[in-house]
$ cat coords.txt   # compact mmCIF, C-alpha atoms
# COMPACT_ATOMS: atom_id res chain seq x y z
CA ASP A 62 101.83 173.71 99.92
CA VAL A 63 102.92 176.76 97.96
CA MET A 64 104.43 179.97 99.25
CA ALA A 65 106.19 182.45 96.98
CA THR A 66 107.24 186.08 97.15
CA ALA A 67 108.48 188.59 94.60
CA THR A 68 108.83 192.31 94.05
CA LEU A 69 107.19 193.79 90.99
CA VAL A 70 108.83 197.02 89.80
CA VAL A 71 106.49 199.38 87.99
CA GLU A 72 107.68 202.47 86.13
CA THR A 73 104.80 204.94 86.14
CA PRO A 74 104.54 207.67 83.49
CA GLY A 75 103.05 210.17 85.96
CA PRO A 76 99.47 210.49 87.17
CA GLY A 77 97.13 207.73 86.17
CA PHE A 78 96.45 204.03 86.44
CA THR A 79 98.92 201.34 85.36
CA ASP A 80 97.36 197.93 84.80
CA ILE A 81 99.42 195.25 86.60
CA THR A 82 96.89 192.43 86.24
CA ARG A 83 99.00 190.40 83.78
CA ASP A 84 102.10 190.70 85.95
CA ALA A 85 100.18 189.49 89.00
CA ALA A 86 98.60 186.63 87.01
CA ARG A 87 102.02 185.54 85.70
CA PHE A 88 103.40 185.52 89.26
CA VAL A 89 100.48 183.37 90.48
CA ALA A 90 100.89 180.94 87.56
CA GLU A 91 104.65 180.62 88.10
CA ALA A 92 104.13 179.98 91.83
CA GLY A 93 102.21 176.84 90.85
CA GLY A 94 99.52 176.82 93.52
CA ARG A 95 95.96 175.75 92.79
CA ASP A 96 93.97 177.36 95.61
CA GLY A 97 94.96 180.07 98.05
CA ALA A 98 95.43 183.82 98.07
CA LEU A 99 97.55 186.52 96.49
CA PHE A 100 98.56 189.48 98.62
CA LEU A 101 99.86 192.70 97.08
CA PHE A 102 101.46 195.51 99.06
CA LEU A 103 102.65 198.79 97.57
CA ARG A 104 105.79 200.08 99.30
CA HIS A 105 104.94 203.78 98.90
CA THR A 106 102.74 206.49 100.45
CA SER A 107 101.95 208.66 97.41
CA ALA A 108 100.60 205.93 95.11
CA SER A 109 98.06 203.18 95.68
CA LEU A 110 96.61 199.86 94.53
CA LEU A 111 93.06 199.23 93.49
CA ILE A 112 90.81 196.80 91.71
CA GLN A 113 88.70 198.59 89.15
CA GLU A 114 86.87 198.33 85.83
CA ASN A 115 89.24 197.06 83.15
CA ALA A 116 87.17 197.61 80.01
CA ALA A 117 85.87 201.19 79.97
CA ARG A 118 88.72 203.72 80.15
CA ALA A 119 86.19 206.38 81.14
CA VAL A 120 85.86 204.75 84.57
CA ARG A 121 89.54 205.40 85.37
CA HIS A 122 89.28 208.93 83.94
CA ASP A 123 86.25 209.71 86.13
CA LEU A 124 87.93 208.15 89.17
CA ALA A 125 91.00 210.35 88.65
CA ARG A 126 88.80 213.46 88.37
CA TRP A 127 86.92 212.48 91.53
CA LEU A 128 90.19 212.01 93.48
CA ASP A 129 91.38 215.41 92.18
CA ARG A 130 88.24 217.04 93.59
CA LEU A 131 88.58 215.26 96.96
CA ALA A 132 92.28 216.09 97.36
CA PRO A 133 93.03 219.13 95.18
CA GLU A 134 96.52 220.52 94.70
CA SER A 135 95.18 224.02 95.29
CA ALA A 136 94.45 223.43 98.99
CA ASP A 137 96.70 225.04 101.61
CA TYR A 138 98.49 221.98 103.02
CA ALA A 139 101.17 222.24 105.70
CA HIS A 140 103.06 219.32 104.13
CA ASP A 141 104.46 220.36 100.75
CA ASP A 142 108.07 219.16 101.10
CA GLU A 143 108.19 217.78 97.56
CA GLY A 144 105.86 220.26 95.88
CA PRO A 145 102.15 221.02 95.57
CA ASP A 146 101.28 217.48 94.46
CA ASP A 147 102.91 215.91 97.55
CA MET A 148 100.16 216.05 100.18
CA PRO A 149 97.28 215.48 97.73
CA ALA A 150 99.08 212.28 96.65
CA HIS A 151 99.21 211.08 100.27
CA LEU A 152 95.50 211.81 100.71
CA ARG A 153 94.57 209.98 97.50
CA ALA A 154 96.62 206.97 98.59
CA THR A 155 94.84 207.01 101.95
CA LEU A 156 91.47 206.92 100.18
CA THR A 157 92.34 204.06 97.85
CA GLY A 158 94.83 201.99 99.91
CA VAL A 159 98.16 200.26 99.42
CA ASN A 160 97.26 196.58 99.85
CA LEU A 161 95.02 194.00 98.20
CA ALA A 162 94.11 190.38 98.89
CA ILE A 163 92.77 188.29 96.01
CA PRO A 164 91.54 184.69 96.25
CA VAL A 165 93.22 182.17 93.95
CA PHE A 166 91.01 179.35 92.64
CA ARG A 167 92.34 176.56 90.41
CA GLY A 168 95.61 178.43 89.82
CA ARG A 169 94.02 181.73 88.77
CA MET A 170 93.08 184.94 90.52
CA ALA A 171 89.34 185.00 91.21
CA LEU A 172 88.83 188.45 89.69
CA GLY A 173 85.48 189.30 88.18
CA THR A 174 85.03 189.57 84.42
CA TRP A 175 85.55 193.35 84.34
CA GLN A 176 88.09 193.68 87.15
CA GLY A 177 91.73 194.63 86.75
CA ILE A 178 94.49 195.41 89.25
CA TYR A 179 95.88 198.92 88.97
CA LEU A 180 98.74 200.86 90.47
CA ALA A 181 97.48 204.42 90.80
CA GLU A 182 100.20 207.04 90.53
CA HIS A 183 99.20 210.19 92.38
CA ARG A 184 102.31 212.28 91.69
CA ARG A 185 102.86 214.43 88.59
CA SER A 186 106.25 213.03 87.65
CA PRO A 187 107.19 209.45 86.67
CA HIS A 188 108.18 207.19 89.54
CA ARG A 189 109.67 203.75 90.08
CA ARG A 190 107.21 201.90 92.32
CA GLU A 191 107.59 198.54 94.05
CA VAL A 192 104.79 196.09 94.73
CA ALA A 193 105.53 193.22 97.12
CA LEU A 194 103.72 190.05 95.99
CA HIS A 195 103.06 187.03 98.20
CA VAL A 196 101.05 183.96 97.26
CA ILE A 197 100.10 181.17 99.62
CA GLY A 198 98.07 178.07 98.97
CA ALA A 199 98.02 174.44 98.11
$ encode --input "coords.txt" --output "structure tokens"
Amino acid sequence: DVMATATLVVETPGPGFTDITRDAARFVAEAGGRDGALFLFLRHTSASLLIQENAARAVRHDLARWLDRLAPESADYAHDDEGPDDMPAHLRATLTGVNLAIPVFRGRMALGTWQGIYLAEHRRSPHRREVALHVIGA
């Protein structure tokens, strides 16, 4: 049986999507399990994790624009402790989530052909984000 944990540190450049697929795949490979599951948990409330199209950049661009429309900075939020992008970032993280579970088959994540794992930064400035990784299996 295999059980392994790690923390992946991701430096984000500001708003946008950082592809962490290779980092997650390397962790799964180093853990050595053949079949099981990978769990990812982002330890923040103003960024999120998602599985999305990994070939067409326009998909991530359109997704960012859609999130901007759903949770605009221009709204009159009561919570603005860290600036006008604070509460919209929390709302965007609520919409997209902070945890993922991915099956592992034959030592590899069972992602679809066009799927990648992304850390979505919802704040304007760069941040240091932490993703807790946990793989279990046999």
$ residues_around --input "coords.txt" --residues "range 153-155 of chain A" --least-positions-apart "2" --cutoff "10 Å" --atoms "only C-alpha atoms" --output "PDB file with C-alpha atoms, in the frame of the given file"
ATOM      1  CA  HIS A 105     104.940 203.780  98.900  1.00  0.00           C
ATOM      2  CA  THR A 106     102.740 206.490 100.450  1.00  0.00           C
ATOM      3  CA  SER A 107     101.950 208.660  97.410  1.00  0.00           C
ATOM      4  CA  ALA A 108     100.600 205.930  95.110  1.00  0.00           C
ATOM      5  CA  SER A 109      98.060 203.180  95.680  1.00  0.00           C
ATOM      6  CA  LEU A 110      96.610 199.860  94.530  1.00  0.00           C
ATOM      7  CA  LEU A 111      93.060 199.230  93.490  1.00  0.00           C
ATOM      8  CA  ALA A 125      91.000 210.350  88.650  1.00  0.00           C
ATOM      9  CA  LEU A 128      90.190 212.010  93.480  1.00  0.00           C
ATOM     10  CA  ASP A 129      91.380 215.410  92.180  1.00  0.00           C
ATOM     11  CA  LEU A 131      88.580 215.260  96.960  1.00  0.00           C
ATOM     12  CA  ALA A 132      92.280 216.090  97.360  1.00  0.00           C
ATOM     13  CA  PRO A 133      93.030 219.130  95.180  1.00  0.00           C
ATOM     14  CA  MET A 148     100.160 216.050 100.180  1.00  0.00           C
ATOM     15  CA  PRO A 149      97.280 215.480  97.730  1.00  0.00           C
ATOM     16  CA  ALA A 150      99.080 212.280  96.650  1.00  0.00           C
ATOM     17  CA  HIS A 151      99.210 211.080 100.270  1.00  0.00           C
ATOM     18  CA  THR A 157      92.340 204.060  97.850  1.00  0.00           C
ATOM     19  CA  GLY A 158      94.830 201.990  99.910  1.00  0.00           C
ATOM     20  CA  VAL A 159      98.160 200.260  99.420  1.00  0.00           C
ATOM     21  CA  ALA A 181      97.480 204.420  90.800  1.00  0.00           C
ATOM     22  CA  GLU A 182     100.200 207.040  90.530  1.00  0.00           C
ATOM     23  CA  HIS A 183      99.200 210.190  92.380  1.00  0.00           C
ATOM     24  CA  ARG A 184     102.310 212.280  91.690  1.00  0.00           C
TER      25      ARG A 184
END
$ closest_residue --input "coords.txt" --among "A:Ala139, A:Leu103, A:Ala85, A:Ala199" --to "Met170 in chain A" --atoms "all atoms listed in the file"
A:Ala85
$ residues_around --input "coords.txt" --residues "Thr66 in chain A" --least-positions-apart "6" --cutoff "12 Å" --atoms "only C-alpha atoms" --output "PyMOL selection string"
chain A and resi 85+88-89+91-92+99-102+192-197
$ write_last_selection --input "coords.txt" --atoms "C-alpha atoms" --output "compact mmCIF listing (two decimals), keeping the file's coordinate frame"
# COMPACT_ATOMS: atom_id res chain seq x y z
CA ALA A 85 100.18 189.49 89.00
CA PHE A 88 103.40 185.52 89.26
CA VAL A 89 100.48 183.37 90.48
CA GLU A 91 104.65 180.62 88.10
CA ALA A 92 104.13 179.98 91.83
CA LEU A 99 97.55 186.52 96.49
CA PHE A 100 98.56 189.48 98.62
CA LEU A 101 99.86 192.70 97.08
CA PHE A 102 101.46 195.51 99.06
CA VAL A 192 104.79 196.09 94.73
CA ALA A 193 105.53 193.22 97.12
CA LEU A 194 103.72 190.05 95.99
CA HIS A 195 103.06 187.03 98.20
CA VAL A 196 101.05 183.96 97.26
CA ILE A 197 100.10 181.17 99.62
$ residues_around --input "coords.txt" --residues "Thr79 in chain A" --least-positions-apart "6" --cutoff "7 Å" --atoms "all atoms listed in the file" --output "JSON, numbers by chain"
{"A": [73, 179, 180, 181]}
$ atom_distance --input "coords.txt" --atom1 "CA of Glu143 in chain A" --atom2 "CA of Gly75 in chain A"
14.8 Å
$ closest_residue --input "coords.txt" --among "A:His122, A:His140, A:Arg169, A:Arg130" --to "Gly93 in chain A" --atoms "only C-alpha atoms"
A:Arg169
$ closest_residue --input "coords.txt" --among "A:Ala98, A:Val70, A:Leu124, A:Ala117" --to "Gly177 in chain A" --atoms "only C-alpha atoms"
A:Ala117
$ atom_distance --input "coords.txt" --atom1 "CA of Pro76 in chain A" --atom2 "CA of Arg185 in chain A"
5.4 Å
$ residues_near_point --input "coords.txt" --point "(89.4, 190.8, 89.6)" --cutoff "12 Å" --atoms "all atoms listed in the file" --output "JSON, numbers by chain"
{"A": [80, 81, 82, 83, 85, 86, 99, 111, 112, 113, 114, 115, 116, 161, 162, 163, 164, 165, 166, 169, 170, 171, 172, 173, 174, 175, 176, 177, 178, 179]}
$ atom_distance --input "coords.txt" --atom1 "CA of Asp146 in chain A" --atom2 "CA of Glu72 in chain A"
18.3 Å
$ closest_residue --input "coords.txt" --among "A:Asp147, A:Arg189, A:Ala65, A:Asp123" --to "Ser135 in chain A" --atoms "only C-alpha atoms"
A:Asp147
$ closest_residue --input "coords.txt" --among "A:Ser186, A:Arg121, A:Arg167, A:Asn160" --to "Pro145 in chain A" --atoms "only C-alpha atoms"
A:Ser186
$ axis_aligned_box --input "coords.txt" --around "range 138-154 of chain A" --padding-each-side "3 Å" --output "JSON"
{"center_x": 101.4, "center_y": 214.6, "center_z": 100.1, "size_x": 19.6, "size_y": 21.3, "size_z": 17.2}
$ decode --input "coords.txt" --residues "range 66-106 of chain A" --atoms "C-alpha atoms" --output "compact mmCIF listing (two decimals), in the first residue's frame"
# COMPACT_ATOMS: atom_id res chain seq x y z
CA THR A 66 1.88 13.59 1.35
CA ALA A 67 3.63 16.76 0.26
CA THR A 68 3.12 20.49 0.01
CA LEU A 69 3.49 22.09 -3.38
CA VAL A 70 4.45 25.78 -3.22
CA VAL A 71 3.26 27.82 -6.19
CA GLU A 72 4.37 31.40 -6.82
CA THR A 73 1.60 33.08 -8.80
CA PRO A 74 2.31 36.12 -10.98
CA GLY A 75 -1.09 37.68 -10.21
CA PRO A 76 -4.48 36.92 -11.72
CA GLY A 77 -4.65 33.93 -13.99
CA PHE A 78 -4.18 30.19 -14.17
CA THR A 79 -0.95 28.42 -13.26
CA ASP A 80 -0.66 24.90 -14.65
CA ILE A 81 0.43 22.49 -11.89
CA THR A 82 -0.26 19.27 -13.80
CA ARG A 83 3.42 18.29 -14.17
CA ASP A 84 4.10 18.90 -10.48
CA ALA A 85 1.14 16.71 -9.49
CA ALA A 86 2.19 13.99 -11.97
CA ARG A 87 5.75 14.01 -10.62
CA PHE A 88 4.43 13.64 -7.06
CA VAL A 89 2.24 10.68 -8.08
CA ALA A 90 5.15 9.00 -9.91
CA GLU A 91 7.53 9.48 -6.98
CA ALA A 92 4.95 8.04 -4.56
CA GLY A 93 5.17 4.78 -6.51
CA GLY A 94 1.57 3.63 -6.35
CA ARG A 95 -0.13 1.91 -9.26
CA ASP A 96 -3.83 2.45 -8.54
CA GLY A 97 -5.53 4.80 -6.12
CA ALA A 98 -6.33 8.49 -5.86
CA LEU A 99 -4.64 11.86 -5.65
CA PHE A 100 -6.20 14.51 -3.46
CA LEU A 101 -5.26 18.18 -3.79
CA PHE A 102 -6.26 20.86 -1.30
CA LEU A 103 -5.44 24.56 -1.67
CA ARG A 104 -4.75 26.19 1.70
CA HIS A 105 -6.19 29.60 0.77
CA THR A 106 -9.55 31.37 0.38
